[in-house]
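**Q** Quick one: the structure is below, questions incoming.
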Amino acid sequence: MLRTSTIARLLKPSYLPTYVALVVVIIAGVFAEQQNRAVHAAKMRAAVTAELNPIRSKLEANINGDIQLVRGLIATISTEPDMNQKRFSDLAQNLFSDRTRLRSIAAAPNLIVSMVYPIEGNQKALGLDYRKNENQRAAAMRVRDLGKMVLAGPLDLIQGGQGLIGRFPVSVSVGGQSNRFWGMVSAVIDVERLYRDSGLLSENLGLDIAISGRDGLGEDGALFFGESRIRGADPVEVSVFLPGGSWVISAVPKGGWVATPDNAWLVRALIVLGGLFILVPMFITSRLMEERQRNIHVLEHNKDQLQELSHRLKIALDASEIGIWELDINSGKLLWDNRMKELYGLQTEAREVYEDWRDALHPDDLGRAEEEFRGAVRNGDSYVSQFRVRLSGNRTRHIRAVGSKYIGAGGREKIVGVNLDVTADVEKNERLEKAKGQAEAHSAELEAARHRMEFNALHDPLTVLPNRRYLDQILAEKQPKAATQGLASMFHIDLDRFKEINDTLGHAAGDEILRHAAGILRANTDANDFVGRIGGDEFVIISHNGGVEGHDTDLAQRIILAMSVPVLYKEKECRIGVSIGIAHQSHADEELTQVLVNADIALYEAKRRGRNRHEVFTHSLKTAVIQTKQTADEILRGLEHNEFVAHFQPQFCPTTLDIIGVEALARWDHPTKGLLAPYAFLKTAEDINALAEIDQRILEQALFQSCRWEASGINIPKISVNLSYHRLHDEKLIDRLKQMDIPTGKVSFELLESISFDESDMTVLSNIEQIKSLGIDIEIDDFGTGYASIVSLLKLTPRRLKIDRQLVLPILTSAKQRQLVASIIDIGTSLGIEVIAEGVETMEHARILRELGCYGLQGYAFARPMSANDLANFARERRWLAA
């Protein structure tokens, strides 16, 4: 693509004659091209006509020759109107030869076919009455009425192939007159032979031919030979004149007309060559004229620029106070302007010699300045120097000299240069250097402070160990040390019983424990191991010796053993433990972030298994933790969607079989897993501190259903609700119970016997007493499997205790077990405690327990746990009596 400047230059008036000549050459070339094409087209059409004329002549000659043969037969018939078949065959046989194209001849006196040749293959034609035949009658009548031959076809023949049918009227002489219509003679010409004999089917034919004019209708007739496309391709057309009509032959060269002549490129080349002979000299002349005008313009422009530059240089020199000097090396002549003399403190009329410059230099700079000047003169280098000159009044001025050597007029070597006063710059640089020194000293102090701040930001101030931020930087490294030092192992460490020490002995004791723990970790790890404190009592170790067999477990055991040694603080022994989760880097590309997550999972397992131990991460452990995490998430979601519902199992009097109470049991109405019993979620709910909330939901539903039953006339004397150990420790439990307005004597809380009722746990004992004061009874559940003793029964004074089903089931077969249950019932009865047996699965169990004096029965023998609505129907219909 031409640039804008080039286009603008080519549009100048100097090129106008060239463009006019270009237009003339283009017009002449187009005209010559059109003339060449017209001549080529005329030659091609003449060639087609020359090749087509013999074919037309042969068609006319062949058809007319065959027709003339038939006319001779007709003349004979006119003289022998009573001719028979034999005579007709003898005459017709003479017409058929290899040189004719006749296929058959039929004679029809009175328009009834009575003679035909050849007879073989044409027997069906005998007896044909043209006047009665619908297909032939019109043509026959036309021949009779016109009194001249009528040519039809080409037509598809019944015998196969195509033929031209010529129908001739026959008249005979009667009474000296020859105008009586005798009948008609029909002759069939074989079209295939006609085409072949006329040259239409020749393989050497260089034309594509189409023939129209069926039935001799000329241009009005239909196409019967060739393709219709030929008639639309501007063909050469000639007429074939036939007896009784004409045909039109259309022809084009095979492959169509060639639009481009063979000599087209030669003609074009001659046109282009002639154009170039005209245009190139004109273009060169225009270019030279344009170049001349441009040179004149450039010279004028350079003159103006030189004047402007000279003016600007004068202004610049006056404003910059630069002195200019020039030295003729051969003659030693020195030229100074007035500014140079001012810089060196000389009068304007002072002489201009080398000694003036040398004598003004400061003695300390003299030798160096002269050597730099002589080097520039000797070697022709660029001259740059800085020195001091002495002025009157003991003043000193700093001069910077810049110059270069050049060859002047006449080949004389000269040096031209400038001097400028840089005293202010030198003094400023001296001040800047001083300030720089002070800034560097200050920067060093800031750098030291920054290092201290970075250290403090990345380290724990108490233990001086790396902190969580430091660990995050290590975890974020794109190329961790494991890539060069081997696979890493990570230890996630949590101190056991640290909170108790912090709460009982104060934070100072806790700080001492943390420093002690940090010292143990540093003492048991290698120098290149990472040891950091990432939380209150959480530590992390990253070791790159994980590939050494037994290294990680040995390190964990050493740490656990060292941590178990008591720490003396203010004459008091502080005992702590440590739980450790260990995870290994499986391959060098595994991110340490994931390894830390795995170590955290292993730490969780170590705590779950009793603390003061270590656990190594495995994939099965990860699966279990993920499942627990999923269950925990679903529990929290279930609480949000009120999926935890109360089911109720009735308790019965052994004697009257009346319902004496129900136990409210927690069930999880899971949206996909269905109704789940407590074993599926109780442990996980306890781990995430959701058990107390579930207990509260079950209690609220139990109270609500109790009101519904009572409104429906169903009497349920008492409802037992489980109270978890964690909720028993809740200091806000009593306040929430007071807000619920629980009817006195209607509700009892079941406490697991596995709960240790330690006298030192004042929160538990206080809550139990306040629960009783609210009119809520206390029951001991699963009695016989936990810590409860006679003393604890006396201390708690529960209203009821429930014998665990493990003790009840064997009483059918074991006398000892039956005696044990009887003893528990006796003890409860003697203490005024109602005893209820769980796990009553058969009526035989019920009979034995009734005989032993049990207060109540609960089990599958009477009823399974059921929903509130089902329990209402169950109680209303008293279904257990049928069982």
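How things are named: the first chain in the structure tokens is A, the next is B, and so on; residues count from 1 in each chain; ligands count from 1 in the order shown.
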Would you list the contacts of A:Glu571 as an MDAnalysis selection string, taking every protein, DNA or RNA residue within 12 Å and counting only C-alpha atoms, but skipping same-chain residues closer than 5 positions in sequence?
**A** chainID A and resid 505 509 566
**Q** Could you pull out the alpha helix (DSSP H) residues of stretch 377-454 of chain A from DSSP and send them as a PDB file with N, CA and C atoms, in the first residue's frame?
**A**
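Output contents, as saved in result28.pdb:
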ATOM      1  N   VAL A 377      44.546  16.643  21.153  1.00  0.00           N
ATOM      2  CA  VAL A 377      45.221  17.149  19.950  1.00  0.00           C
ATOM      3  C   VAL A 377      45.964  16.025  19.242  1.00  0.00           C
ATOM      4  N   ARG A 378      46.637  15.177  20.020  1.00  0.00           N
ATOM      5  CA  ARG A 378      47.490  14.127  19.449  1.00  0.00           C
ATOM      6  C   ARG A 378      46.668  13.008  18.816  1.00  0.00           C
ATOM      7  N   ASN A 379      45.623  12.550  19.492  1.00  0.00           N
ATOM      8  CA  ASN A 379      44.869  11.369  19.053  1.00  0.00           C
ATOM      9  C   ASN A 379      43.588  11.707  18.303  1.00  0.00           C
ATOM     10  N   THR A 423      30.487  25.817  38.485  1.00  0.00           N
ATOM     11  CA  THR A 423      30.772  25.976  39.918  1.00  0.00           C
ATOM     12  C   THR A 423      29.548  25.626  40.755  1.00  0.00           C
ATOM     13  N   ALA A 424      28.363  26.130  40.366  1.00  0.00           N
ATOM     14  CA  ALA A 424      27.141  25.844  41.133  1.00  0.00           C
ATOM     15  C   ALA A 424      26.843  24.349  41.144  1.00  0.00           C
ATOM     16  N   ASP A 425      27.060  23.686  40.009  1.00  0.00           N
ATOM     17  CA  ASP A 425      26.798  22.239  39.952  1.00  0.00           C
ATOM     18  C   ASP A 425      27.745  21.471  40.863  1.00  0.00           C
ATOM     19  N   VAL A 426      29.040  21.860  40.860  1.00  0.00           N
ATOM     20  CA  VAL A 426      30.008  21.161  41.710  1.00  0.00           C
ATOM     21  C   VAL A 426      29.647  21.331  43.175  1.00  0.00           C
ATOM     22  N   GLU A 427      29.302  22.560  43.553  1.00  0.00           N
ATOM     23  CA  GLU A 427      28.949  22.799  44.959  1.00  0.00           C
ATOM     24  C   GLU A 427      27.673  22.033  45.323  1.00  0.00           C
ATOM     25  N   LYS A 428      26.748  21.995  44.384  1.00  0.00           N
ATOM     26  CA  LYS A 428      25.505  21.242  44.659  1.00  0.00           C
ATOM     27  C   LYS A 428      25.808  19.753  44.804  1.00  0.00           C
ATOM     28  N   ASN A 429      26.702  19.232  43.950  1.00  0.00           N
ATOM     29  CA  ASN A 429      27.060  17.810  44.046  1.00  0.00           C
ATOM     30  C   ASN A 429      27.733  17.504  45.366  1.00  0.00           C
ATOM     31  N   GLU A 430      28.558  18.443  45.822  1.00  0.00           N
ATOM     32  CA  GLU A 430      29.215  18.230  47.125  1.00  0.00           C
ATOM     33  C   GLU A 430      28.174  18.156  48.237  1.00  0.00           C
ATOM     34  N   ARG A 431      27.172  19.060  48.155  1.00  0.00           N
ATOM     35  CA  ARG A 431      26.118  19.002  49.164  1.00  0.00           C
ATOM     36  C   ARG A 431      25.312  17.707  49.034  1.00  0.00           C
ATOM     37  N   LEU A 432      25.060  17.295  47.778  1.00  0.00           N
ATOM     38  CA  LEU A 432      24.295  16.055  47.579  1.00  0.00           C
ATOM     39  C   LEU A 432      25.066  14.841  48.089  1.00  0.00           C
ATOM     40  N   GLU A 433      26.389  14.823  47.878  1.00  0.00           N
ATOM     41  CA  GLU A 433      27.192  13.710  48.365  1.00  0.00           C
ATOM     42  C   GLU A 433      27.124  13.623  49.877  1.00  0.00           C
ATOM     43  N   LYS A 434      27.180  14.786  50.520  1.00  0.00           N
ATOM     44  CA  LYS A 434      27.077  14.801  51.981  1.00  0.00           C
ATOM     45  C   LYS A 434      25.708  14.297  52.433  1.00  0.00           C
ATOM     46  N   ALA A 435      24.676  14.816  51.743  1.00  0.00           N
ATOM     47  CA  ALA A 435      23.321  14.367  52.083  1.00  0.00           C
ATOM     48  C   ALA A 435      23.149  12.873  51.786  1.00  0.00           C
ATOM     49  N   LYS A 436      23.793  12.400  50.713  1.00  0.00           N
ATOM     50  CA  LYS A 436      23.707  10.981  50.380  1.00  0.00           C
ATOM     51  C   LYS A 436      24.303  10.116  51.485  1.00  0.00           C
ATOM     52  N   GLY A 437      25.436  10.549  51.997  1.00  0.00           N
ATOM     53  CA  GLY A 437      26.051   9.799  53.091  1.00  0.00           C
ATOM     54  C   GLY A 437      25.129   9.734  54.295  1.00  0.00           C
ATOM     55  N   GLN A 438      24.513  10.891  54.608  1.00  0.00           N
ATOM     56  CA  GLN A 438      23.588  10.881  55.742  1.00  0.00           C
ATOM     57  C   GLN A 438      22.387   9.981  55.449  1.00  0.00           C
ATOM     58  N   ALA A 439      21.865  10.046  54.184  1.00  0.00           N
ATOM     59  CA  ALA A 439      20.707   9.216  53.830  1.00  0.00           C
ATOM     60  C   ALA A 439      21.049   7.732  53.878  1.00  0.00           C
ATOM     61  N   GLU A 440      22.271   7.377  53.440  1.00  0.00           N
ATOM     62  CA  GLU A 440      22.655   5.963  53.484  1.00  0.00           C
ATOM     63  C   GLU A 440      22.738   5.461  54.907  1.00  0.00           C
ATOM     64  N   ALA A 441      23.237   6.314  55.798  1.00  0.00           N
ATOM     65  CA  ALA A 441      23.295   5.920  57.209  1.00  0.00           C
ATOM     66  C   ALA A 441      21.887   5.727  57.763  1.00  0.00           C
ATOM     67  N   HIS A 442      20.990   6.676  57.402  1.00  0.00           N
ATOM     68  CA  HIS A 442      19.608   6.557  57.859  1.00  0.00           C
ATOM     69  C   HIS A 442      18.931   5.335  57.252  1.00  0.00           C
ATOM     70  N   SER A 443      19.246   5.065  55.952  1.00  0.00           N
ATOM     71  CA  SER A 443      18.668   3.900  55.285  1.00  0.00           C
ATOM     72  C   SER A 443      19.119   2.605  55.938  1.00  0.00           C
ATOM     73  N   ALA A 444      20.392   2.580  56.360  1.00  0.00           N
ATOM     74  CA  ALA A 444      20.889   1.379  57.044  1.00  0.00           C
ATOM     75  C   ALA A 444      20.121   1.155  58.340  1.00  0.00           C
ATOM     76  N   GLU A 445      19.836   2.269  59.049  1.00  0.00           N
ATOM     77  CA  GLU A 445      19.051   2.133  60.278  1.00  0.00           C
ATOM     78  C   GLU A 445      17.640   1.634  59.963  1.00  0.00           C
ATOM     79  N   LEU A 446      17.036   2.174  58.865  1.00  0.00           N
ATOM     80  CA  LEU A 446      15.684   1.737  58.494  1.00  0.00           C
ATOM     81  C   LEU A 446      15.689   0.270  58.063  1.00  0.00           C
ATOM     82  N   GLU A 447      16.753  -0.138  57.356  1.00  0.00           N
ATOM     83  CA  GLU A 447      16.831  -1.528  56.920  1.00  0.00           C
ATOM     84  C   GLU A 447      16.905  -2.466  58.111  1.00  0.00           C
ATOM     85  N   ALA A 448      17.706  -2.061  59.096  1.00  0.00           N
ATOM     86  CA  ALA A 448      17.795  -2.884  60.314  1.00  0.00           C
ATOM     87  C   ALA A 448      16.448  -2.947  61.012  1.00  0.00           C
ATOM     88  N   ALA A 449      15.755  -1.786  61.059  1.00  0.00           N
ATOM     89  CA  ALA A 449      14.426  -1.771  61.692  1.00  0.00           C
ATOM     90  C   ALA A 449      13.446  -2.634  60.899  1.00  0.00           C
ATOM     91  N   ARG A 450      13.582  -2.575  59.545  1.00  0.00           N
ATOM     92  CA  ARG A 450      12.685  -3.393  58.720  1.00  0.00           C
ATOM     93  C   ARG A 450      12.914  -4.880  58.972  1.00  0.00           C
ATOM     94  N   HIS A 451      14.189  -5.264  59.073  1.00  0.00           N
ATOM     95  CA  HIS A 451      14.486  -6.668  59.354  1.00  0.00           C
ATOM     96  C   HIS A 451      13.890  -7.075  60.696  1.00  0.00           C
ATOM     97  N   ARG A 452      13.994  -6.151  61.693  1.00  0.00           N
ATOM     98  CA  ARG A 452      13.410  -6.479  62.997  1.00  0.00           C
ATOM     99  C   ARG A 452      11.891  -6.605  62.890  1.00  0.00           C
ATOM    100  N   MET A 453      11.278  -5.708  62.120  1.00  0.00           N
ATOM    101  CA  MET A 453       9.815  -5.779  61.965  1.00  0.00           C
ATOM    102  C   MET A 453       9.400  -7.051  61.232  1.00  0.00           C
ATOM    103  N   GLU A 454      10.158  -7.402  60.169  1.00  0.00           N
ATOM    104  CA  GLU A 454       9.823  -8.625  59.434  1.00  0.00           C
ATOM    105  C   GLU A 454       9.981  -9.843  60.327  1.00  0.00           C
TER     106      GLU A 454
END
**Q** Per residue of stretch 606-689 of chain A within 10 Å of stretch 857-867 of chain A, what are the shortest atom pair and its distance in Å to one decimal, counting only C-alpha atoms, with rows by chain and residue number, as a tab-separated table?
**A**
residue	atom	partner	partner_atom	distance
A:Val645	CA	A:Ser867	CA	8.5
A:Ala646	CA	A:Ser867	CA	7.0
A:His647	CA	A:Ser867	CA	4.7
A:Phe648	CA	A:Pro865	CA	5.0
A:Gln649	CA	A:Pro865	CA	4.2
A:Pro650	CA	A:Gln858	CA	6.6
A:Gln651	CA	A:Gln858	CA	4.8
A:Phe652	CA	A:Leu857	CA	5.1
A:Cys653	CA	A:Leu857	CA	6.4
A:Pro654	CA	A:Leu857	CA	6.4
A:Leu657	CA	A:Leu857	CA	9.0
A:Ile659	CA	A:Leu857	CA	9.5
A:Ile660	CA	A:Leu857	CA	9.3
A:Gly661	CA	A:Gln858	CA	9.6
A:Val662	CA	A:Gln858	CA	8.9
A:Glu663	CA	A:Pro865	CA	8.6
A:Ala664	CA	A:Pro865	CA	8.6
A:Leu665	CA	A:Pro865	CA	7.7
A:Arg667	CA	A:Ser867	CA	9.7
**Q** Quick one: of A:Glu640, A:Glu326, A:Asp741, A:Glu192, who's nearest to A:Leu703, counting only C-alpha atoms?
**A**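 Nearest to A:Leu703: A:Asp741.
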**Q** Env of stretch 336-340 of chain A: 6 Å cut, atoms = only C-alpha atoms, seq-sep filter 3 positions within chain, self excluded. Answer as a PyMOL selection string.
**A** chain A and resi 323-325+343
**Q** For those residues, write N, CA, C and O atoms to a file as a short mmCIF file (atom, residue, chain, number, x, y, z; two decimals), in the first residue's frame.
**A**
data_model
loop_
_atom_site.label_atom_id
_atom_site.label_comp_id
_atom_site.auth_asym_id
_atom_site.auth_seq_id
_atom_site.Cartn_x
_atom_site.Cartn_y
_atom_site.Cartn_z
N GLY A 323 31.07 29.92 26.80
CA GLY A 323 32.14 30.53 26.03
C GLY A 323 32.61 29.61 24.93
O GLY A 323 32.74 28.40 25.14
N ILE A 324 32.88 30.19 23.74
CA ILE A 324 33.30 29.38 22.59
C ILE A 324 34.75 29.73 22.25
O ILE A 324 35.15 30.89 22.26
N TRP A 325 35.54 28.66 21.98
CA TRP A 325 36.94 28.87 21.60
C TRP A 325 37.28 27.98 20.42
O TRP A 325 36.63 26.97 20.17
N LEU A 343 34.88 34.29 31.66
CA LEU A 343 35.03 33.12 32.52
C LEU A 343 36.41 33.07 33.17
O LEU A 343 36.56 32.60 34.30
#
**Q** Leaving out A:Gly199 and any residue of its chain fewer than 5 positions from it, which residues lie within 9 Å of it when counting only C-alpha atoms, given as a ChimeraX atom specification?
**A** /A:54-55,58-59,194,205
**Q** Would you list the contacts of A:Asp496 as a list of chain:residue names, taking every protein, DNA or RNA residue within 8 Å and counting only C-alpha atoms, but skipping same-chain residues closer than 3 positions in sequence?
**A** A:Lys499, A:Ile576, A:Gly577, A:Val578, A:Ser579, A:Arg611, A:Asn612
**Q** Compile the contact shell of A:Leu723 as a compact mmCIF listing (two decimals) with N, CA, C and O atoms, in the first residue's frame: residues with an atom at most 7 Å away, counting only C-alpha atoms, same-chain residues fewer than 5 positions apart removed.
**A**
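Produced file around.txt, reproduced below:
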# COMPACT_ATOMS: atom_id res chain seq x y z
N ASP A 695 -31.46 -32.41 71.97
CA ASP A 695 -32.24 -32.68 73.19
C ASP A 695 -33.33 -31.64 73.39
O ASP A 695 -34.47 -31.97 73.75
N LEU A 728 -26.18 -31.23 80.56
CA LEU A 728 -26.22 -31.19 82.02
C LEU A 728 -25.18 -30.22 82.56
O LEU A 728 -25.32 -29.70 83.67
N PHE A 749 -36.39 -36.39 83.28
CA PHE A 749 -35.17 -36.41 82.47
C PHE A 749 -34.42 -37.69 82.75
O PHE A 749 -34.16 -38.03 83.92
N GLU A 750 -34.03 -38.40 81.67
CA GLU A 750 -33.26 -39.63 81.80
C GLU A 750 -31.78 -39.28 81.70
O GLU A 750 -31.33 -38.69 80.72
N LEU A 751 -31.04 -39.69 82.77
CA LEU A 751 -29.58 -39.50 82.78
C LEU A 751 -28.93 -40.86 82.62
O LEU A 751 -29.28 -41.81 83.33
**Q** Considering only C-alpha atoms, can you say which of A:Ile836, A:Ile249, A:Leu242, A:Ala872 comes closest to A:Leu200?
**A** A:Ile249
**Q** Using the chain letters and numbers from this document, which residues of stretch 142-340 of chain A does DSSP assign to strand (DSSP E), as a ChimeraX atom specification?
**A** /A:150-156,162-174,177-190,207-212,223-225,236-242,245-253,323-328,334-336
**Q** Find the spatial neighbours of A:Ala61, counting only C-alpha atoms, within a cut-off of 12 Å - ignore same-chain residues fewer than 6 positions away - and output them as a PDB file with C-alpha atoms, in the first residue's frame.
**A**
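The resulting file, result.pdb, is shown below:
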ATOM      1  CA  PRO A  54     -21.672 -30.218 -46.527  1.00  0.00           C
ATOM      2  CA  ILE A  55     -23.906 -31.801 -43.882  1.00  0.00           C
ATOM      3  CA  ILE A  67     -38.420 -39.015 -52.281  1.00  0.00           C
ATOM      4  CA  GLN A  68     -37.726 -39.012 -56.023  1.00  0.00           C
ATOM      5  CA  ARG A  99     -27.694 -46.465 -51.343  1.00  0.00           C
ATOM      6  CA  THR A 100     -31.211 -45.651 -50.157  1.00  0.00           C
ATOM      7  CA  ARG A 101     -32.577 -45.185 -46.714  1.00  0.00           C
ATOM      8  CA  LEU A 194     -30.042 -40.713 -42.885  1.00  0.00           C
ATOM      9  CA  ASP A 197     -25.042 -41.022 -44.408  1.00  0.00           C
ATOM     10  CA  SER A 198     -25.236 -37.274 -43.978  1.00  0.00           C
ATOM     11  CA  VAL A 240     -32.455 -27.663 -44.900  1.00  0.00           C
ATOM     12  CA  PHE A 241     -35.102 -27.432 -47.640  1.00  0.00           C
ATOM     13  CA  LEU A 242     -37.221 -30.582 -47.936  1.00  0.00           C
ATOM     14  CA  PRO A 243     -40.125 -31.608 -50.100  1.00  0.00           C
TER      15      PRO A 243
END
**Q** Considering only C-alpha atoms, state which residue in the set A:Val464, A:Val595, A:Val113, A:Leu849 is at the smallest distance from A:Met184.
**A**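 Smallest distance to A:Met184 is found for A:Val113.
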**Q** Quick one: pull the distance between atom CA of A:Gln739 and atom CA of A:Ile719, Å, one decimal.
**A**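 That distance, rounded to one decimal, is 18.5 Å.
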**Q** So how many Å separate atom CA of A:His614 and atom CA of A:Gln473, to one decimal?
**A** 26.4 Å
**Q** Between A:Val416, A:Ala152, A:Leu639, A:Leu809, which is the closest to A:Gly380 once you count only C-alpha atoms?
**A**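 The answer is A:Val416, which sits nearest to A:Gly380.
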**Q** Using only C-alpha atoms, which residues of stretch 218-306 of chain A come within 7 Å of stretch 29-39 of chain A, and what is the closest atom pair for each, with the distance in Å to one decimal? Give it as a Markdown table, sorted by chain and residue number.
**A**
| residue | atom | partner | partner_atom | distance |
| --- | --- | --- | --- | --- |
| A:Thr260 | CA | A:Arg37 | CA | 6.7 |
| A:Pro261 | CA | A:Arg37 | CA | 6.2 |
| A:Ile271 | CA | A:Gly29 | CA | 5.8 |
**Q** For the residues in that selection, give me N, CA and C atoms as a compact mmCIF listing (two decimals), in the first residue's frame.
**A**
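File written: again_37.txt
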# COMPACT_ATOMS: atom_id res chain seq x y z
N THR A 260 -11.58 -16.03 -26.09
CA THR A 260 -10.27 -15.39 -26.15
C THR A 260 -9.50 -15.87 -27.38
N PRO A 261 -9.10 -14.98 -28.24
CA PRO A 261 -8.33 -15.40 -29.44
C PRO A 261 -6.98 -15.98 -29.03
N ILE A 271 0.28 -3.98 -27.17
CA ILE A 271 -0.37 -2.78 -26.65
C ILE A 271 0.41 -2.22 -25.47
**Q** So how many Å separate atom CA of A:Ala108 and atom CA of A:Arg214, to one decimal?
**A**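 Computing the Euclidean distance for atom CA of A:Ala108 and atom CA of A:Arg214 yields 24.4 Å.
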